[in-house]
file run_24.tsv (TSV, C-alpha atoms and all ligand atoms)
chain	number	residue	atom	x	y	z
A	1	ILE	CA	0.00	0.00	0.00
A	2	ASN	CA	1.70	3.19	-1.22
A	3	ILE	CA	0.52	6.52	0.15
A	4	LEU	CA	1.64	9.93	-1.11
A	5	GLY	CA	1.65	12.48	1.73
A	6	ILE	CA	1.46	16.22	1.07
A	7	GLU	CA	2.14	18.96	3.63
A	8	THR	CA	1.75	22.71	2.99
A	9	SER	CA	0.26	24.05	6.23
A	10	CYS	CA	2.96	26.64	6.96
A	11	ASP	CA	6.27	27.29	5.24
A	12	GLU	CA	7.39	23.81	4.16
A	13	THR	CA	6.26	22.34	0.85
A	14	SER	CA	6.77	18.63	1.36
A	15	ALA	CA	5.81	15.32	-0.24
A	16	ALA	CA	6.68	11.74	0.64
A	17	VAL	CA	5.86	8.27	-0.62
A	18	LEU	CA	5.35	5.71	2.13
A	19	ARG	CA	4.95	1.96	1.67
A	20	ASN	CA	2.89	-0.04	4.16
A	21	GLY	CA	3.02	2.70	6.79
A	22	CYS	CA	6.66	2.26	7.71
A	23	GLU	CA	8.89	2.21	4.63
A	24	LEU	CA	9.78	5.70	3.47
A	25	LEU	CA	10.53	5.46	-0.27
A	26	SER	CA	11.06	9.18	-0.80
A	27	HIS	CA	10.82	12.38	1.18
A	28	ILE	CA	11.20	15.86	-0.30
A	29	ILE	CA	11.07	19.00	1.86
A	30	SER	CA	11.29	22.39	0.24
A	31	SER	CA	11.71	24.89	3.06
A	32	GLN	CA	10.92	28.58	2.74
A	33	ILE	CA	12.98	29.53	5.79
A	34	LYS	CA	15.37	31.66	3.74
A	35	THR	CA	12.47	33.61	2.21
A	36	HIS	CA	10.87	34.42	5.58
A	37	GLN	CA	14.05	34.83	7.64
A	38	LYS	CA	14.44	38.49	6.76
A	39	TYR	CA	10.99	39.21	8.23
A	40	GLY	CA	11.68	37.27	11.45
A	41	GLY	CA	8.64	35.06	10.86
A	42	VAL	CA	6.38	33.54	8.22
A	43	VAL	CA	4.56	36.02	5.94
A	44	PRO	CA	1.34	34.15	5.04
A	45	GLU	CA	0.73	35.64	1.60
A	46	VAL	CA	4.31	34.96	0.54
A	47	ALA	CA	4.06	31.40	1.89
A	48	SER	CA	1.03	30.46	-0.21
A	49	ARG	CA	2.61	31.85	-3.37
A	50	GLU	CA	5.76	29.81	-2.73
A	51	HIS	CA	3.65	26.66	-2.27
A	52	ILE	CA	2.01	27.27	-5.64
A	53	LEU	CA	5.45	27.57	-7.24
A	54	HIS	CA	6.85	24.41	-5.66
A	55	LEU	CA	4.08	21.89	-5.02
A	56	GLN	CA	4.08	20.23	-8.41
A	57	SER	CA	7.84	19.76	-8.67
A	58	VAL	CA	8.08	18.54	-5.06
A	59	VAL	CA	5.44	15.87	-5.78
A	60	GLU	CA	7.12	14.91	-9.06
A	61	GLN	CA	10.46	14.53	-7.29
A	62	ALA	CA	8.90	12.39	-4.58
A	63	LEU	CA	7.29	10.07	-7.14
A	64	GLN	CA	10.48	9.91	-9.19
A	65	GLU	CA	12.66	8.98	-6.22
A	66	ALA	CA	10.15	6.32	-5.26
A	67	LYS	CA	10.22	5.13	-8.90
A	68	MET	CA	6.46	5.42	-9.14
A	69	GLY	CA	3.64	7.02	-11.04
A	70	PHE	CA	0.23	8.03	-9.72
A	71	GLY	CA	-1.01	4.60	-10.86
A	72	ASP	CA	1.10	2.90	-8.17
A	73	LEU	CA	-0.49	4.85	-5.32
A	74	ALA	CA	-3.33	3.59	-3.12
A	75	GLY	CA	-4.25	7.08	-1.90
A	76	ILE	CA	-3.14	10.67	-1.42
A	77	ALA	CA	-3.01	12.16	2.07
A	78	VAL	CA	-2.99	15.90	2.63
A	79	THR	CA	-2.96	18.28	5.59
A	80	TYR	CA	-6.28	20.19	5.70
A	81	GLY	CA	-5.66	22.03	9.01
A	82	PRO	CA	-4.60	23.64	11.25
A	83	GLY	CA	-2.33	26.17	9.57
A	84	LEU	CA	-2.34	29.22	7.33
A	85	VAL	CA	-5.47	29.18	5.19
A	86	GLY	CA	-3.78	30.17	1.94
A	87	SER	CA	-1.00	27.62	2.42
A	88	LEU	CA	-3.44	24.84	3.32
A	89	LEU	CA	-5.62	25.60	0.29
A	90	VAL	CA	-2.73	25.05	-2.12
A	91	GLY	CA	-2.07	21.56	-0.75
A	92	VAL	CA	-5.74	20.60	-0.48
A	93	ALA	CA	-6.60	21.78	-4.01
A	94	GLY	CA	-3.50	20.09	-5.44
A	95	ALA	CA	-4.11	16.79	-3.64
A	96	LYS	CA	-7.76	16.73	-4.69
A	97	ALA	CA	-6.87	17.25	-8.33
A	98	MET	CA	-4.19	14.55	-8.22
A	99	ALA	CA	-6.32	11.99	-6.38
A	100	TYR	CA	-9.38	12.63	-8.54
A	101	GLY	CA	-7.30	12.42	-11.69
A	102	ALA	CA	-5.69	9.15	-10.56
A	103	GLY	CA	-9.01	7.72	-9.41
A	104	ILE	CA	-7.75	6.98	-5.89
A	105	PRO	CA	-9.00	8.02	-2.44
A	106	LEU	CA	-8.20	11.39	-0.90
A	107	LEU	CA	-7.21	11.23	2.78
A	108	GLY	CA	-7.62	14.38	4.89
A	109	VAL	CA	-5.07	14.59	7.70
A	110	ASN	CA	-5.09	16.80	10.79
A	111	HIS	CA	-1.58	18.31	10.93
A	112	LEU	CA	-1.37	17.77	14.71
A	113	GLU	CA	-2.26	14.08	14.38
A	114	GLY	CA	0.37	13.98	11.64
A	115	HIS	CA	3.06	15.23	14.05
A	116	ILE	CA	2.13	12.52	16.55
A	117	TYR	CA	1.99	9.83	13.84
A	118	ALA	CA	5.61	10.55	12.90
A	119	ASN	CA	6.29	8.16	15.78
A	120	PHE	CA	4.49	5.29	14.02
A	121	LEU	CA	6.69	5.70	10.97
A	122	HIS	CA	9.78	4.77	12.94
A	123	ASN	CA	8.07	2.56	15.39
A	124	PRO	CA	5.04	0.85	13.75
A	125	GLY	CA	4.88	-1.57	16.69
A	126	LEU	CA	3.93	1.16	19.18
A	127	LYS	CA	1.25	-0.14	21.54
A	128	PHE	CA	-1.82	1.65	22.86
A	129	PRO	CA	-2.67	3.18	25.21
A	130	LEU	CA	-0.08	5.89	24.96
A	131	LEU	CA	0.43	9.47	26.03
A	132	ALA	CA	1.61	12.03	23.48
A	133	LEU	CA	3.36	15.30	24.28
A	134	LEU	CA	2.92	17.46	21.20
A	135	VAL	CA	5.04	20.61	21.29
A	136	SER	CA	5.23	22.66	18.11
A	137	GLY	CA	5.27	26.21	16.82
A	138	GLY	CA	1.59	26.78	17.47
A	139	HIS	CA	0.53	24.06	19.93
A	140	SER	CA	1.44	22.44	23.25
A	141	HIS	CA	-0.82	19.47	23.98
A	142	LEU	CA	-0.90	16.41	26.21
A	143	VAL	CA	-3.03	13.78	24.48
A	144	TYR	CA	-4.09	10.31	25.63
A	145	PHE	CA	-4.51	7.76	22.81
A	146	GLU	CA	-6.55	4.58	23.25
A	147	GLY	CA	-6.22	3.52	19.63
A	148	HIS	CA	-5.73	4.88	16.12
A	149	GLY	CA	-7.74	8.09	15.89
A	150	LYS	CA	-9.20	7.49	19.38
A	151	TYR	CA	-7.83	10.12	21.69
A	152	GLN	CA	-8.59	12.69	24.34
A	153	VAL	CA	-6.83	16.01	24.94
A	154	LEU	CA	-5.80	16.15	28.63
A	155	GLY	CA	-4.18	19.57	28.59
A	156	GLN	CA	-3.10	22.35	26.28
A	157	THR	CA	-1.56	25.79	26.42
A	158	ARG	CA	-3.75	28.67	27.52
A	159	ASP	CA	-1.60	31.25	25.73
A	160	ASP	CA	1.71	30.82	23.89
A	161	ALA	CA	2.91	27.47	22.58
A	162	ALA	CA	6.38	26.35	23.69
A	163	GLY	CA	7.79	26.85	20.17
A	164	GLU	CA	6.18	30.26	19.86
A	165	ALA	CA	7.81	31.41	23.14
A	166	LEU	CA	11.19	30.09	21.96
A	167	ASP	CA	10.80	31.91	18.64
A	168	LYS	CA	9.83	35.23	20.25
A	169	VAL	CA	12.68	35.21	22.76
A	170	ALA	CA	15.19	34.21	20.07
A	171	ARG	CA	14.03	37.11	17.93
A	172	THR	CA	14.51	39.59	20.81
A	173	LEU	CA	17.95	38.12	21.50
A	174	GLY	CA	18.74	38.69	17.82
A	175	LEU	CA	19.49	34.98	17.34
A	176	GLY	CA	17.50	34.22	14.19
A	177	TYR	CA	14.44	32.37	12.93
A	178	PRO	CA	13.10	29.82	13.72
A	179	GLY	CA	14.28	30.33	17.28
A	180	GLY	CA	14.27	26.86	18.84
A	181	PRO	CA	17.48	25.55	17.28
A	182	TYR	CA	19.27	28.86	17.95
A	183	ILE	CA	18.24	28.90	21.61
A	184	GLN	CA	19.43	25.30	21.92
A	185	LYS	CA	22.79	26.18	20.37
A	186	ALA	CA	23.31	29.34	22.44
A	187	ALA	CA	22.32	27.45	25.61
A	188	LEU	CA	25.20	25.00	25.18
A	189	GLU	CA	27.63	27.70	26.38
A	190	GLY	CA	25.40	29.05	29.14
A	191	ASN	CA	24.54	28.39	32.78
A	192	PRO	CA	20.93	27.11	33.07
A	193	HIS	CA	20.76	28.43	36.66
A	194	ALA	CA	22.05	31.94	35.97
A	195	TYR	CA	18.45	33.21	35.98
A	196	GLU	CA	15.46	31.74	37.78
A	197	PHE	CA	12.70	32.30	35.24
A	198	PRO	CA	9.14	31.46	36.39
A	199	ARG	CA	7.58	28.02	35.86
A	200	ALA	CA	3.81	28.35	35.43
A	201	MET	CA	2.24	25.23	36.92
A	202	LEU	CA	-1.30	26.73	37.11
A	203	GLU	CA	-3.85	25.16	39.51
A	204	PRO	CA	-2.64	22.07	41.39
A	205	GLY	CA	-3.12	19.03	39.15
A	206	SER	CA	-3.75	21.05	35.98
A	207	LEU	CA	-2.33	19.54	32.80
A	208	ASP	CA	-2.61	22.84	30.92
A	209	PHE	CA	0.40	24.92	30.01
A	210	SER	CA	1.14	28.64	29.99
A	211	PHE	CA	4.33	29.98	28.44
A	212	SER	CA	3.55	33.68	28.07
A	213	GLY	CA	4.70	34.41	31.65
A	214	VAL	CA	8.17	32.96	31.20
A	215	LYS	CA	8.44	34.64	27.81
A	216	SER	CA	7.56	38.04	29.34
A	217	ALA	CA	9.97	37.48	32.22
A	218	VAL	CA	12.82	36.93	29.78
A	219	LEU	CA	11.84	39.95	27.67
A	220	ASN	CA	11.62	42.11	30.85
A	221	THR	CA	15.08	40.96	31.92
A	222	LEU	CA	16.46	41.94	28.51
A	223	ASN	CA	14.65	45.30	28.45
A	224	SER	CA	15.68	46.38	31.94
A	225	ALA	CA	19.31	45.43	31.25
A	226	ARG	CA	19.15	47.50	28.08
A	227	MET	CA	17.73	50.51	29.97
A	228	LYS	CA	20.47	50.30	32.59
A	229	GLY	CA	23.04	50.05	29.83
A	230	GLU	CA	24.10	46.59	31.06
A	231	THR	CA	24.97	43.76	28.69
A	232	VAL	CA	23.40	40.38	29.27
A	233	ASN	CA	25.09	37.06	28.73
A	234	VAL	CA	23.00	35.69	25.84
A	235	ALA	CA	24.11	32.11	26.50
A	236	ASP	CA	23.03	32.32	30.16
A	237	VAL	CA	19.63	33.76	29.22
A	238	ALA	CA	19.11	31.10	26.54
A	239	ALA	CA	20.15	28.27	28.86
A	240	SER	CA	17.98	29.48	31.76
A	241	PHE	CA	14.99	30.02	29.48
A	242	GLN	CA	15.33	26.61	27.82
A	243	GLU	CA	15.67	25.05	31.28
A	244	ALA	CA	12.42	26.70	32.45
A	245	ILE	CA	10.45	25.52	29.39
A	246	VAL	CA	11.79	21.97	29.50
A	247	ASP	CA	11.25	21.78	33.27
A	248	VAL	CA	7.54	22.58	32.94
A	249	LEU	CA	7.06	20.24	29.95
A	250	VAL	CA	8.66	17.34	31.82
A	251	ARG	CA	6.79	17.95	35.09
A	252	LYS	CA	3.39	18.13	33.39
A	253	THR	CA	4.14	15.08	31.26
A	254	LEU	CA	5.09	13.06	34.34
A	255	LEU	CA	1.89	14.17	36.02
A	256	ALA	CA	-0.13	13.00	33.00
A	257	LEU	CA	1.74	9.68	32.91
A	258	ALA	CA	1.04	9.11	36.60
A	259	ARG	CA	-2.62	9.98	36.19
A	260	THR	CA	-3.29	7.90	33.06
A	261	LYS	CA	-0.86	5.07	33.93
A	262	ALA	CA	-0.01	5.01	30.22
A	263	PRO	CA	2.89	2.57	29.69
A	264	THR	CA	4.19	4.49	26.65
A	265	LEU	CA	5.10	8.12	25.95
A	266	VAL	CA	5.62	9.61	22.49
A	267	LEU	CA	7.06	13.05	21.80
A	268	ALA	CA	6.10	15.08	18.71
A	269	GLY	CA	6.25	18.49	17.01
A	270	GLY	CA	9.13	20.80	16.17
A	271	VAL	CA	10.17	21.35	19.79
A	272	ALA	CA	10.52	17.54	20.10
A	273	ALA	CA	13.81	18.04	18.22
A	274	ASN	CA	15.19	19.70	21.36
A	275	THR	CA	18.05	17.68	22.83
A	276	LEU	CA	17.54	18.73	26.43
A	277	LEU	CA	13.85	17.81	26.32
A	278	ARG	CA	14.68	14.40	24.81
A	279	GLU	CA	17.36	13.73	27.43
A	280	ARG	CA	15.19	14.73	30.38
A	281	LEU	CA	12.25	12.64	29.18
A	282	THR	CA	14.52	9.67	28.42
A	283	GLU	CA	15.90	9.81	31.95
A	284	ALA	CA	12.51	10.25	33.61
A	285	THR	CA	10.76	7.48	31.62
A	286	GLN	CA	13.63	5.03	32.15
A	287	LYS	CA	13.40	5.55	35.88
A	288	ARG	CA	9.68	4.75	35.78
A	289	GLY	CA	9.82	1.83	33.33
A	290	ILE	CA	7.84	3.69	30.68
A	291	ALA	CA	8.54	3.12	26.99
A	292	PHE	CA	9.55	6.34	25.23
A	293	SER	CA	9.58	7.12	21.52
A	294	TYR	CA	10.57	10.23	19.60
A	295	PRO	CA	11.12	10.79	15.89
A	296	PRO	CA	14.42	11.88	14.33
A	297	PRO	CA	14.64	15.70	14.08
A	298	ILE	CA	13.68	15.81	10.38
A	299	LEU	CA	10.35	14.12	11.25
A	300	CYS	CA	9.72	16.47	14.20
A	301	THR	CA	9.34	19.67	12.18
A	302	ASP	CA	6.79	19.90	9.37
A	303	ASN	CA	7.11	17.17	6.74
A	304	GLY	CA	5.12	15.10	4.27
A	305	ALA	CA	6.20	11.73	5.69
A	306	MET	CA	4.23	12.20	8.90
A	307	ILE	CA	1.16	13.13	6.83
A	308	ALA	CA	1.58	9.99	4.72
A	309	THR	CA	1.84	7.91	7.92
A	310	ALA	CA	-1.35	9.34	9.46
A	311	GLY	CA	-3.00	8.99	6.04
A	312	TYR	CA	-2.02	5.31	5.86
A	313	TYR	CA	-4.01	4.53	9.03
A	314	ARG	CA	-6.97	6.50	7.69
A	315	TYR	CA	-6.72	4.47	4.50
A	316	LEU	CA	-6.81	1.20	6.46
A	317	ASP	CA	-9.96	2.50	8.17
A	318	LYS	CA	-11.45	3.44	4.77
A	319	ASP	CA	-11.81	6.90	6.27
A	320	TYR	CA	-11.67	8.72	2.92
A	321	ALA	CA	-12.17	12.48	2.58
A	322	PRO	CA	-15.03	13.85	0.46
A	323	TRP	CA	-14.14	15.64	-2.77
A	324	ASN	CA	-15.35	18.89	-1.23
A	325	LEU	CA	-12.77	18.67	1.58
A	326	ASN	CA	-11.96	22.21	2.68
A	327	ALA	CA	-8.99	23.78	4.46
A	328	ILE	CA	-9.76	24.40	8.15
A	329	PRO	CA	-7.15	26.84	9.51
A	330	GLY	CA	-8.37	26.54	13.13
A	331	LEU	CA	-8.74	22.74	13.17
A	332	ASN	CA	-7.79	21.31	16.57
A	333	LEU	CA	-7.49	17.83	18.01
A	334	ALA	CA	-11.06	16.62	18.53
B	1	LIG	P1	2.00	23.69	14.43
B	1	LIG	O1	2.53	22.34	14.12
B	1	LIG	O2	1.63	23.90	15.84
B	1	LIG	O3	0.94	24.13	13.47
B	1	LIG	P2	4.41	24.62	13.18
B	1	LIG	O4	4.06	23.61	12.15
B	1	LIG	O5	4.81	25.97	12.75
B	1	LIG	O6	3.21	24.74	14.21
B	1	LIG	P3	6.54	22.85	13.83
B	1	LIG	O7	7.08	22.84	12.47
B	1	LIG	O8	5.98	21.60	14.36
B	1	LIG	O9	5.54	24.06	14.09
B	1	LIG	O10	7.69	23.29	14.80
B	1	LIG	C1	8.37	24.50	14.64
B	1	LIG	C2	8.79	24.94	16.01
B	1	LIG	O11	9.77	24.02	16.52
B	1	LIG	C3	9.42	26.31	16.02
B	1	LIG	O12	8.85	27.04	17.07
B	1	LIG	C4	10.88	26.01	16.28
B	1	LIG	O13	11.55	27.05	16.98
B	1	LIG	C5	10.81	24.75	17.12
B	1	LIG	N1	12.04	23.97	17.10
B	1	LIG	C6	12.65	23.39	16.03
B	1	LIG	N2	13.79	22.79	16.40
B	1	LIG	C7	13.92	22.98	17.74
B	1	LIG	C8	14.89	22.62	18.72
B	1	LIG	N3	15.99	21.93	18.40
B	1	LIG	N4	14.67	23.00	20.01
B	1	LIG	C9	13.57	23.68	20.35
B	1	LIG	N5	12.64	24.07	19.47
B	1	LIG	C10	12.79	23.72	18.19
B	2	MG	MG	8.08	25.50	9.42
B	3	FE	FE	3.74	21.63	12.52
call {"tool": "encode", "arguments": {"input": "run_24.tsv", "output": "structure tokens"}}
result
Amino acid sequence: INILGIETSCDETSAAVLRNGCELLSHIISSQIKTHQKYGGVVPEVASREHILHLQSVVEQALQEAKMGFGDLAGIAVTYGPGLVGSLLVGVAGAKAMAYGAGIPLLGVNHLEGHIYANFLHNPGLKFPLLALLVSGGHSHLVYFEGHGKYQVLGQTRDDAAGEALDKVARTLGLGYPGGPYIQKAALEGNPHAYEFPRAMLEPGSLDFSFSGVKSAVLNTLNSARMKGETVNVADVAASFQEAIVDVLVRKTLLALARTKAPTLVLAGGVAANTLLRERLTEATQKRGIAFSYPPPILCTDNGAMIATAGYYRYLDKDYAPWNLNAIPGLNLA
């Protein structure tokens, strides 16, 4: 069963061909980072135009590398939300046309489910129930899965996502976009205890997150140093900030694991590429005898392979999308 996965929700145009849910035959990612870097963030109108320019050649490359034509595919999976509406529309319209033309099913994939399903690509033997920590540019969710497509959101951010906070602080520090990898790199040289930034735990027992407080605390530290004419040690700020974010993510995840008694944890989303977060969760799950899975960095940030993987399980369920599938920019996890 060969599934073509297409992802265009933000600033990556990506396509992948996946065989039987676990064998990646090709994976093309055309990133627009360079285009948006000079603005310090993604410019939506520019992003959709870039997708229009690149979608067709990215799909052609993916099919070519997999040595396939449309006739060899069982279905085409595409992200239909959440994301930027113009970007999503390019992928959805393209996938519809290709699937209709090839006479094969269209599979509509929730981008957030896609992030989590990146774990099944590497680890098709993952057993339910499992807990997922999804931390990306726009979302921070703890989700309990009982089976494929059967899940419950236990907690989510009430304001900024973890990735969003990392990106905003990195921009103020003048480190570059997207911020997560730059903060990680700067933190290597810094002292994580130089600053005690706040950890928002919210009400006792809450599995929700809040990262706007720690973000503001860092920005205030930088602003008041600037006003006093003092220089800050960027590495120390980055290390202390990363420490605060990872600390909260790990504590809440352990709380959710204790509450659900889930024997397995999976990590997903762009922030899942963070080395400190991976190390801390590895350590904590080992101590508790919990199985822990995380995708390689390239499958953490946006990519077509994760969409193909989620699409594969939809295909097995015969959960095909209607031909009037629309982009839903505010789509969440049900
Ligand atoms: P969403 O998936 O919520 O719609 P998105 O698709 O924009 O948002 P992703 O591509 O999943 O987000 O992730 C991008 C985020 O991951 C950015 O905020 C980026 O800074 C962060 N990120 C990437 N690599 C790392 C890293 N090594 N450490 C920390 N954060 C990282
Ligand atoms: Mg991106
Ligand atoms: Fe994403």
call {"tool": "residues_near_ligand", "arguments": {"input": "run_24.tsv", "ligand": "ligand LIG 1 (chain B)", "cutoff": "8 Å", "atoms": "only C-alpha atoms and all ligand atoms", "output": "PDB file with C-alpha atoms, keeping the file's coordinate frame"}}
result
ATOM      1  CA  SER A   9       0.260  24.050   6.230  1.00  0.00           C
ATOM      2  CA  CYS A  10       2.960  26.640   6.960  1.00  0.00           C
ATOM      3  CA  ASP A  11       6.270  27.290   5.240  1.00  0.00           C
ATOM      4  CA  PRO A  82      -4.600  23.640  11.250  1.00  0.00           C
ATOM      5  CA  GLY A  83      -2.330  26.170   9.570  1.00  0.00           C
ATOM      6  CA  HIS A 111      -1.580  18.310  10.930  1.00  0.00           C
ATOM      7  CA  LEU A 112      -1.370  17.770  14.710  1.00  0.00           C
ATOM      8  CA  HIS A 115       3.060  15.230  14.050  1.00  0.00           C
ATOM      9  CA  VAL A 135       5.040  20.610  21.290  1.00  0.00           C
ATOM     10  CA  SER A 136       5.230  22.660  18.110  1.00  0.00           C
ATOM     11  CA  GLY A 137       5.270  26.210  16.820  1.00  0.00           C
ATOM     12  CA  GLY A 138       1.590  26.780  17.470  1.00  0.00           C
ATOM     13  CA  HIS A 139       0.530  24.060  19.930  1.00  0.00           C
ATOM     14  CA  SER A 140       1.440  22.440  23.250  1.00  0.00           C
ATOM     15  CA  ALA A 161       2.910  27.470  22.580  1.00  0.00           C
ATOM     16  CA  ALA A 162       6.380  26.350  23.690  1.00  0.00           C
ATOM     17  CA  GLY A 163       7.790  26.850  20.170  1.00  0.00           C
ATOM     18  CA  GLU A 164       6.180  30.260  19.860  1.00  0.00           C
ATOM     19  CA  ALA A 165       7.810  31.410  23.140  1.00  0.00           C
ATOM     20  CA  LEU A 166      11.190  30.090  21.960  1.00  0.00           C
ATOM     21  CA  ASP A 167      10.800  31.910  18.640  1.00  0.00           C
ATOM     22  CA  TYR A 177      14.440  32.370  12.930  1.00  0.00           C
ATOM     23  CA  PRO A 178      13.100  29.820  13.720  1.00  0.00           C
ATOM     24  CA  GLY A 179      14.280  30.330  17.280  1.00  0.00           C
ATOM     25  CA  GLY A 180      14.270  26.860  18.840  1.00  0.00           C
ATOM     26  CA  PRO A 181      17.480  25.550  17.280  1.00  0.00           C
ATOM     27  CA  TYR A 182      19.270  28.860  17.950  1.00  0.00           C
ATOM     28  CA  ILE A 183      18.240  28.900  21.610  1.00  0.00           C
ATOM     29  CA  GLN A 184      19.430  25.300  21.920  1.00  0.00           C
ATOM     30  CA  ALA A 268       6.100  15.080  18.710  1.00  0.00           C
ATOM     31  CA  GLY A 269       6.250  18.490  17.010  1.00  0.00           C
ATOM     32  CA  GLY A 270       9.130  20.800  16.170  1.00  0.00           C
ATOM     33  CA  VAL A 271      10.170  21.350  19.790  1.00  0.00           C
ATOM     34  CA  ALA A 272      10.520  17.540  20.100  1.00  0.00           C
ATOM     35  CA  ALA A 273      13.810  18.040  18.220  1.00  0.00           C
ATOM     36  CA  ASN A 274      15.190  19.700  21.360  1.00  0.00           C
ATOM     37  CA  THR A 275      18.050  17.680  22.830  1.00  0.00           C
ATOM     38  CA  PRO A 297      14.640  15.700  14.080  1.00  0.00           C
ATOM     39  CA  CYS A 300       9.720  16.470  14.200  1.00  0.00           C
ATOM     40  CA  THR A 301       9.340  19.670  12.180  1.00  0.00           C
ATOM     41  CA  ASP A 302       6.790  19.900   9.370  1.00  0.00           C
TER      42      ASP A 302
END
call {"tool": "residues_around", "arguments": {"input": "run_24.tsv", "residues": "region 234-239 of chain A", "least_positions_apart": "6", "cutoff": "9 Å", "atoms": "only C-alpha atoms", "output": "NGL selection string"}}
result
:A and (169-170 or 173 or 182-195 or 218 or 221-222)
call {"tool": "residues_around", "arguments": {"input": "run_24.tsv", "residues": "region 203-205 of chain A", "least_positions_apart": "6", "cutoff": "10 Å", "atoms": "all atoms listed in the file", "output": "list in words"}}
result
Lys252, Leu255, Ala256 and Arg259 of chain A
call {"tool": "closest_residue", "arguments": {"input": "run_24.tsv", "among": "A:Leu257, A:Leu84, A:Val214, A:Leu134", "to": "ligand MG 2 (chain B)", "atoms": "all atoms listed in the file"}}
result
A:Leu84
call {"tool": "closest_residue", "arguments": {"input": "run_24.tsv", "among": "A:Val153, A:Ile298, A:Ala217, A:Val248", "to": "ligand FE 3 (chain B)", "atoms": "all atoms listed in the file"}}
result
A:Ile298
call {"tool": "closest_residue", "arguments": {"input": "run_24.tsv", "among": "A:Ala200, A:Val58, A:Ile76, A:Ser87", "to": "ligand MG 2 (chain B)", "atoms": "all atoms listed in the file"}}
result
A:Ser87
call {"tool": "residues_around", "arguments": {"input": "run_24.tsv", "residues": "Pro263 (chain A)", "least_positions_apart": "3", "cutoff": "7 Å", "atoms": "all atoms listed in the file", "output": "PyMOL selection string"}}
result
chain A and resi 130+290-291
call {"tool": "write_last_selection", "arguments": {"input": "run_24.tsv", "atoms": "C-alpha atoms", "output": "compact mmCIF listing (two decimals), in the frame of the given file"}}
result
# COMPACT_ATOMS: atom_id res chain seq x y z
CA LEU A 130 -0.08 5.89 24.96
CA ILE A 290 7.84 3.69 30.68
CA ALA A 291 8.54 3.12 26.99
call {"tool": "closest_residue", "arguments": {"input": "run_24.tsv", "among": "A:Thr282, A:Gly174, A:Thr231, A:Ile307", "to": "ligand FE 3 (chain B)", "atoms": "all atoms listed in the file"}}
result
A:Ile307
call {"tool": "atom_distance", "arguments": {"input": "run_24.tsv", "atom1": "CA of Glu283 (chain A)", "atom2": "CA of Glu146 (chain A)"}}
result
24.6 Å
call {"tool": "atom_distance", "arguments": {"input": "run_24.tsv", "atom1": "CA of Gly155 (chain A)", "atom2": "CA of Ala310 (chain A)"}}
result
21.9 Å
call {"tool": "closest_residue", "arguments": {"input": "run_24.tsv", "among": "A:Val85, A:Ala327, A:Leu18, A:Ala47", "to": "Ser31 (chain A)", "atoms": "only C-alpha atoms"}}
result
A:Ala47
call {"tool": "residues_around", "arguments": {"input": "run_24.tsv", "residues": "Tyr315 (chain A)", "least_positions_apart": "4", "cutoff": "8 Å", "atoms": "all atoms listed in the file", "output": "list of chain:residue names"}}
result
A:Gly75, A:Leu107, A:Gly311, A:Asp319, A:Tyr320
call {"tool": "closest_residue", "arguments": {"input": "run_24.tsv", "among": "A:Leu277, A:Val232, A:Val46, A:Leu316", "to": "Gly21 (chain A)", "atoms": "only C-alpha atoms"}}
result
A:Leu316
call {"tool": "atom_distance", "arguments": {"input": "run_24.tsv", "atom1": "CA of Thr253 (chain A)", "atom2": "CA of Glu7 (chain A)"}}
result
28.0 Å
call {"tool": "residues_around", "arguments": {"input": "run_24.tsv", "residues": "Arg49 (chain A)", "least_positions_apart": "5", "cutoff": "10 Å", "atoms": "all atoms listed in the file", "output": "PDB file with C-alpha atoms, keeping the file's coordinate frame"}}
result
ATOM      1  CA  PRO A  44       1.340  34.150   5.040  1.00  0.00           C
ATOM      2  CA  HIS A  54       6.850  24.410  -5.660  1.00  0.00           C
ATOM      3  CA  GLY A  86      -3.780  30.170   1.940  1.00  0.00           C
ATOM      4  CA  SER A  87      -1.000  27.620   2.420  1.00  0.00           C
ATOM      5  CA  VAL A  90      -2.730  25.050  -2.120  1.00  0.00           C
TER       6      VAL A  90
END
call {"tool": "decode", "arguments": {"input": "run_24.tsv", "residues": "region 301-308 of chain A", "atoms": "N, CA and C atoms", "output": "CSV table (one decimal), in the first residue's frame"}}
result
chain,number,residue,atom,x,y,z
A,301,THR,N,9.9,18.5,12.8
A,301,THR,CA,9.3,19.7,12.2
A,301,THR,C,8.5,19.3,11.0
A,302,ASP,N,7.8,20.2,10.4
A,302,ASP,CA,6.8,19.9,9.4
A,302,ASP,C,7.4,19.1,8.2
A,303,ASN,N,6.6,18.0,7.8
A,303,ASN,CA,7.1,17.2,6.7
A,303,ASN,C,6.0,16.3,6.2
A,304,GLY,N,6.2,15.9,4.9
A,304,GLY,CA,5.1,15.1,4.3
A,304,GLY,C,5.1,13.7,4.7
A,305,ALA,N,6.2,13.1,5.3
A,305,ALA,CA,6.2,11.7,5.7
A,305,ALA,C,5.2,11.5,6.8
A,306,MET,N,5.2,12.4,7.8
A,306,MET,CA,4.2,12.2,8.9
A,306,MET,C,2.8,12.2,8.4
A,307,ILE,N,2.5,13.0,7.4
A,307,ILE,CA,1.2,13.1,6.8
A,307,ILE,C,0.8,11.8,6.1
A,308,ALA,N,1.8,11.3,5.4
A,308,ALA,CA,1.6,10.0,4.7
A,308,ALA,C,1.3,8.9,5.8
